[in-house]
file start_12.txt (compact mmCIF, C-alpha atoms)
# COMPACT_ATOMS: atom_id res chain seq x y z
CA MET A 10 -108.29 -44.72 -86.70
CA PRO A 11 -108.39 -41.75 -89.15
CA ARG A 12 -106.65 -39.63 -86.53
CA LEU A 13 -103.74 -42.11 -86.26
CA ARG A 14 -103.50 -42.23 -90.04
CA ARG A 15 -103.33 -38.44 -90.19
CA ILE A 16 -100.62 -38.34 -87.51
CA PHE A 17 -98.70 -41.01 -89.41
CA TRP A 18 -98.80 -39.06 -92.70
CA VAL A 19 -97.95 -35.77 -91.05
CA THR A 20 -94.95 -37.45 -89.41
CA VAL A 21 -93.85 -39.02 -92.72
CA PHE A 22 -94.21 -35.65 -94.46
CA ALA A 23 -92.19 -33.91 -91.73
CA ILE A 24 -89.42 -36.52 -91.98
CA ILE A 25 -89.26 -36.20 -95.77
CA LEU A 26 -89.26 -32.41 -95.54
CA GLY A 27 -86.51 -32.46 -92.89
CA ALA A 28 -84.39 -34.89 -94.92
CA GLY A 29 -84.82 -32.74 -98.02
CA TRP A 30 -83.70 -29.66 -96.13
CA LEU A 31 -80.63 -31.48 -94.79
CA VAL A 32 -79.64 -32.64 -98.29
CA TYR A 33 -80.18 -29.16 -99.74
CA ASN A 34 -78.12 -27.58 -96.96
CA ALA A 35 -75.28 -30.09 -97.34
CA VAL A 36 -75.10 -29.58 -101.10
CA SER A 37 -75.26 -25.79 -100.71
CA VAL A 38 -72.40 -25.70 -98.18
CA SER A 39 -70.37 -28.10 -100.30
CA LEU A 40 -70.76 -25.91 -103.39
CA LYS A 41 -69.72 -22.82 -101.43
CA ALA A 42 -66.69 -24.70 -100.10
CA GLU A 43 -65.76 -25.73 -103.64
CA HIS A 44 -66.01 -22.12 -104.87
CA ALA A 45 -63.88 -20.96 -101.93
CA HIS A 46 -61.30 -23.63 -102.76
CA HIS A 47 -60.94 -22.45 -106.35
CA ALA A 48 -61.04 -18.77 -105.39
CA GLY A 49 -58.26 -19.40 -102.89
CA ARG A 50 -56.09 -21.27 -105.39
CA LEU A 51 -56.61 -18.51 -107.94
CA THR A 52 -55.65 -15.90 -105.34
CA LEU A 53 -52.44 -17.70 -104.41
CA THR A 54 -51.57 -18.06 -108.10
CA LEU A 55 -52.15 -14.35 -108.61
CA LEU A 56 -50.04 -13.48 -105.57
CA ALA A 57 -47.18 -15.67 -106.82
CA GLU A 58 -47.38 -14.13 -110.28
CA TYR A 59 -47.43 -10.63 -108.85
CA VAL A 60 -44.38 -11.31 -106.67
CA GLU A 61 -42.53 -12.80 -109.67
CA SER A 62 -43.41 -9.95 -112.02
CA ARG A 63 -42.48 -7.27 -109.46
CA GLN A 64 -39.17 -8.78 -108.27
CA GLY A 65 -40.46 -9.75 -104.83
CA GLN A 66 -42.73 -6.77 -104.18
CA TRP A 67 -45.95 -7.55 -102.29
CA PRO A 68 -49.28 -6.20 -103.65
CA SER A 69 -50.90 -3.37 -101.70
CA GLY A 70 -54.47 -4.41 -102.55
CA TRP A 71 -56.79 -6.28 -104.87
CA SER A 72 -56.40 -3.51 -107.45
CA ASP A 73 -52.74 -4.51 -107.88
CA LEU A 74 -53.77 -8.10 -108.60
CA GLU A 75 -56.46 -6.90 -111.01
CA GLN A 76 -53.68 -5.44 -113.20
CA LEU A 77 -52.35 -8.94 -113.96
CA PRO A 78 -53.29 -10.50 -117.31
CA PRO A 79 -56.85 -11.85 -117.61
CA ARG A 80 -57.38 -15.57 -117.12
CA GLU A 81 -59.96 -18.19 -116.30
CA HIS A 82 -59.63 -20.55 -113.36
CA ALA A 83 -62.33 -23.11 -112.52
CA GLY A 84 -65.18 -20.86 -113.63
CA PHE A 85 -63.73 -17.61 -112.34
CA HIS A 86 -62.88 -15.03 -114.99
CA TRP A 87 -60.12 -12.78 -113.68
CA PRO A 88 -60.31 -9.81 -113.16
CA ALA A 89 -64.03 -9.64 -114.05
CA ASP A 90 -64.92 -11.86 -111.07
CA SER A 91 -62.67 -10.03 -108.63
CA ALA A 92 -65.55 -9.09 -106.31
CA GLU A 93 -66.72 -12.71 -106.13
CA VAL A 94 -63.19 -13.97 -105.43
CA GLN A 95 -62.89 -11.35 -102.67
CA SER A 96 -66.09 -12.69 -101.10
CA TYR A 97 -64.34 -16.06 -100.62
CA VAL A 98 -60.76 -15.02 -99.70
CA SER A 99 -59.29 -12.43 -97.35
CA VAL A 100 -55.71 -11.40 -98.18
CA ASP A 101 -53.28 -9.70 -95.80
CA PHE A 102 -51.91 -7.00 -98.09
CA LYS A 103 -49.87 -5.57 -95.21
CA ALA A 104 -47.76 -8.73 -94.93
CA ASP A 105 -43.99 -8.41 -95.14
CA PRO A 106 -42.71 -10.52 -98.05
CA ARG A 107 -39.32 -10.95 -96.32
CA GLU A 108 -41.03 -12.51 -93.31
CA LEU A 109 -43.21 -14.71 -95.50
CA ALA A 110 -40.14 -16.01 -97.33
CA LYS A 111 -38.41 -16.94 -94.07
CA ILE A 112 -41.40 -18.45 -92.25
CA PRO A 113 -43.38 -20.72 -94.61
CA GLU A 114 -46.12 -21.23 -92.00
CA LYS A 115 -47.02 -17.53 -92.37
CA LEU A 116 -48.27 -18.30 -95.88
CA PHE A 117 -51.25 -20.01 -94.25
CA GLU A 118 -52.24 -16.68 -92.71
CA ILE A 119 -52.08 -14.36 -95.72
CA ALA A 120 -54.93 -15.75 -97.86
CA LEU A 121 -57.61 -16.85 -95.43
CA PRO A 122 -60.85 -18.42 -96.58
CA ILE A 123 -64.15 -16.72 -95.79
CA GLY A 124 -66.88 -19.21 -94.91
CA PRO A 125 -66.86 -22.94 -95.60
CA TYR A 126 -63.96 -24.17 -97.73
CA PHE A 127 -61.91 -27.13 -98.87
CA GLU A 128 -58.23 -26.63 -98.05
CA TYR A 129 -56.21 -25.00 -100.83
CA ARG A 130 -53.30 -23.30 -99.11
CA ASP A 131 -51.07 -26.37 -98.96
CA VAL A 132 -51.15 -26.77 -102.75
CA GLY A 133 -51.35 -23.16 -103.93
CA GLY A 134 -48.89 -21.84 -101.39
CA LYS A 135 -45.90 -23.76 -102.75
CA GLN A 136 -45.46 -21.59 -105.84
CA LEU A 137 -45.91 -18.43 -103.80
CA GLN A 138 -43.30 -19.64 -101.32
CA LYS A 139 -40.84 -20.34 -104.16
CA SER A 140 -41.46 -16.90 -105.65
CA LEU A 141 -40.91 -15.16 -102.32
CA GLN A 142 -37.79 -17.13 -101.49
CA LYS A 143 -36.34 -16.31 -104.89
CA TYR A 144 -36.18 -12.64 -103.88
CA TRP A 145 -36.06 -12.67 -100.07
CA ARG A 146 -33.80 -15.48 -98.91
call {"tool": "encode", "arguments": {"input": "start_12.txt", "output": "structure tokens"}}
result
Amino acid sequence: MPRLRRIFWVTVFAIILGAGWLVYNAVSVSLKAEHAHHAGRLTLTLLAEYVESRQGQWPSGWSDLEQLPPREHAGFHWPADSAEVQSYVSVDFKADPRELAKIPEKLFEIALPIGPYFEYRDVGGKQLQKSLQKYWR
């Protein structure tokens, strides 16, 4: 009987430990996805502002975006958190703004999320599309 009791408690402990790990992992991934969402929206906002302030010119790298005025967006302090934002979003700085203005679907390829994410490109891409089309229609 003591052996069955020990097996029972070991099994209960293993189930509780496994459930705790699953909850921790789900919350961790969800938080990373939330950070990626906000980093992506900030990036698209910065890209749109850059295009507007440079009459349709496309940035050549993150350093161009870092020259924009400082701001805070959902816990990110720009440009101080540039490295963290870059860890969540990959930007195609070689993109042709004329092509992006003509083919809106291309906007979904220029600021790609890195890792788990909640979609942001459908919302944040609208202002960027308007900015590009203003100069490259």
call {"tool": "closest_residue", "arguments": {"input": "start_12.txt", "among": "A:Phe22, A:Gly29, A:Ala120, A:Arg50", "to": "Trp71 (chain A)", "atoms": "all atoms listed in the file"}}
result
A:Ala120
call {"tool": "atom_distance", "arguments": {"input": "start_12.txt", "atom1": "CA of Val94 (chain A)", "atom2": "CA of Ile123 (chain A)"}}
result
10.1 Å
call {"tool": "closest_residue", "arguments": {"input": "start_12.txt", "among": "A:Phe127, A:Trp67, A:Trp18, A:Phe102", "to": "His47 (chain A)", "atoms": "all atoms listed in the file"}}
result
A:Phe127
call {"tool": "residues_near_point", "arguments": {"input": "start_12.txt", "point": "(-66.3, -25.0, -102.6)", "cutoff": "7 Å", "atoms": "only C-alpha atoms", "output": "PyMOL selection string"}}
result
chain A and resi 39-46+126-127
call {"tool": "residues_around", "arguments": {"input": "start_12.txt", "residues": "Thr52 (chain A)", "least_positions_apart": "5", "cutoff": "10 Å", "atoms": "all atoms listed in the file", "output": "list in words"}}
result
His46, His47, Ala57, Glu58, Trp71, Leu74, Trp87, Ser91, Val94, Gln95, Tyr97, Val98, Ser99, Val100, Ala120, Arg130, Gly133 and Gly134 of chain A
call {"tool": "atom_distance", "arguments": {"input": "start_12.txt", "atom1": "CA of Pro68 (chain A)", "atom2": "CA of Leu56 (chain A)"}}
result
7.6 Å
call {"tool": "closest_residue", "arguments": {"input": "start_12.txt", "among": "A:Gln64, A:Ser96, A:Gln142, A:Thr20", "to": "Leu109 (chain A)", "atoms": "all atoms listed in the file"}}
result
A:Gln142
call {"tool": "closest_residue", "arguments": {"input": "start_12.txt", "among": "A:Arg63, A:Leu53, A:Leu26, A:Arg146", "to": "Leu116 (chain A)", "atoms": "only C-alpha atoms"}}
result
A:Leu53
call {"tool": "closest_residue", "arguments": {"input": "start_12.txt", "among": "A:Gly70, A:Glu118, A:Tyr129, A:Arg107", "to": "Ala48 (chain A)", "atoms": "all atoms listed in the file"}}
result
A:Tyr129
call {"tool": "closest_residue", "arguments": {"input": "start_12.txt", "among": "A:Pro113, A:Gly27, A:Pro79, A:Gly124", "to": "Gln138 (chain A)", "atoms": "all atoms listed in the file"}}
result
A:Pro113
call {"tool": "atom_distance", "arguments": {"input": "start_12.txt", "atom1": "CA of Pro122 (chain A)", "atom2": "CA of Ser140 (chain A)"}}
result
21.5 Å
call {"tool": "axis_aligned_box", "arguments": {"input": "start_12.txt", "around": "region 10-24 of chain A", "padding_each_side": "4 Å", "output": "AutoDock Vina command-line options"}}
result
--center_x -98.9 --center_y -39.3 --center_z -90.4 --size_x 27.0 --size_y 18.8 --size_z 16.2
